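First up is the structure itself, then whatever we jot down about it.
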Amino acid sequence: MANLSRYPSVWDRHLCPFNTVNCGIGGDGTQHVLWRAENLYLPPSVSVVVIHCGTNNMDHHVYRPHDIAHSVMLCGTRLRDRNPHLNVVIAGILPRDFTISGRRIKIQQTNDALKTFCQKEGLIYIEQAGHWTTSSGNLNQSLYWKDNLHLNKEGCKVFAETLSHHI
């Protein structure tokens with residue numbers, strides 16, 4: 001996740017102990033992550049890969065939820081095919097927009113498809129529920145910047161803690 005690089009203390013505390021490296025680049029779509037999955041050299045010492053992408057494909061109407069989920073899964077399966085020893089973790093797409101919106105519904109549909117794909121492919125899926133929205137369905141503003149998309153330091157901490165429990 002590209003935004004985690006803004007907060008080295010969060011990265012160092014929660015993810016550095018796992019010898020992690022952040023290959024996220026802000027603004028990337030699933031097609032960019034797929035290119036890296038197909039071309040990035042991973043040393044044999046890497047045992048876990050977390051894939052968190054897809055939100056930047058949401059506003060393109062040519063991408064349906066199933067298409068986005070398939071692209072995310074393709075990133076994971078290509079990495080696993082190239083490195084059979086890898087444990088691949090797919091992190092569901094975080095909600096965005098302050099209130100429930102068409103985009104948020106598309107994110108949920110994509111996450112539902114991701115969960116199903118992960119079960120079929122034997123990949124680990126991390127549900128993005130609970131912390132990110134309030135009981136009324138609004139975005140939890142204590143975890144996001146004012147753009148209702150990018151996580152602030154506290155949001156990155158929650159995300160990193162969730163990841164560290166699944167790695």
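Residue names in the structure tokens use chain letters A, B, ... in the order shown, residue numbers from 1 in each chain, and ligand numbers from 1 in the order shown.
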Do a neighbour search on region 146-151 of chain A at 8 Å with only C-alpha atoms, toss out local chain neighbours closer than 6 positions, and write the hits as a list in words. Asn3, Pro95, Arg96, Asp97, Phe98 and Leu139 of chain A
Non-local contacts of Ala37 (chain A) (12 Å; only C-alpha atoms; under 4 positions in same chain excluded) as a ChimeraX atom specification: /A:23-24,30-33,41-42,49-51,71-83,88
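Minimum atom-to-atom distance to Asp112 (chain A), evaluated using only C-alpha atoms, belongs to A:Ala69 out of A:Leu143, A:Ser136, A:Asn152, A:Ala69.
Among the candidate residues A:Glu121, A:Glu154, A:Asp12, A:Asp59, the one lying nearest to Ile107 (chain A) is A:Asp59, with distances computed using only C-alpha atoms.
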Could you pull out the helix (DSSP H, G or I) residues of chain A, going by DSSP on the backbone, and write them as a count of residues only? 80
Using DSSP assignments from the backbone, pull out every residue in region 8-135 of chain A that falls under strand (DSSP E or B) and give it to me as a VMD selection string. chain A and resid 48 to 51 87 to 91 124 to 126 133
Okay, now the selection with C-alpha atoms, as an mmCIF file, in the first residue's frame?
```cif
data_model
loop_
_atom_site.group_PDB
_atom_site.id
_atom_site.type_symbol
_atom_site.label_atom_id
_atom_site.label_comp_id
_atom_site.auth_asym_id
_atom_site.auth_seq_id
_atom_site.Cartn_x
_atom_site.Cartn_y
_atom_site.Cartn_z
ATOM 1 C CA VAL A 48 4.470 -13.758 2.060
ATOM 2 C CA VAL A 49 3.070 -11.250 -0.407
ATOM 3 C CA VAL A 50 0.153 -8.957 0.382
ATOM 4 C CA ILE A 51 -1.773 -7.549 -2.551
ATOM 5 C CA ASN A 87 1.765 -17.362 0.760
ATOM 6 C CA VAL A 88 -0.403 -14.835 -1.052
ATOM 7 C CA VAL A 89 -2.665 -12.572 0.991
ATOM 8 C CA ILE A 90 -5.325 -10.502 -0.760
ATOM 9 C CA ALA A 91 -6.490 -7.490 1.242
ATOM 10 C CA ILE A 124 -5.786 -15.811 2.056
ATOM 11 C CA TYR A 125 -8.422 -13.061 2.008
ATOM 12 C CA ILE A 126 -8.484 -10.239 4.545
ATOM 13 C CA THR A 133 -17.225 2.689 8.742
#
```
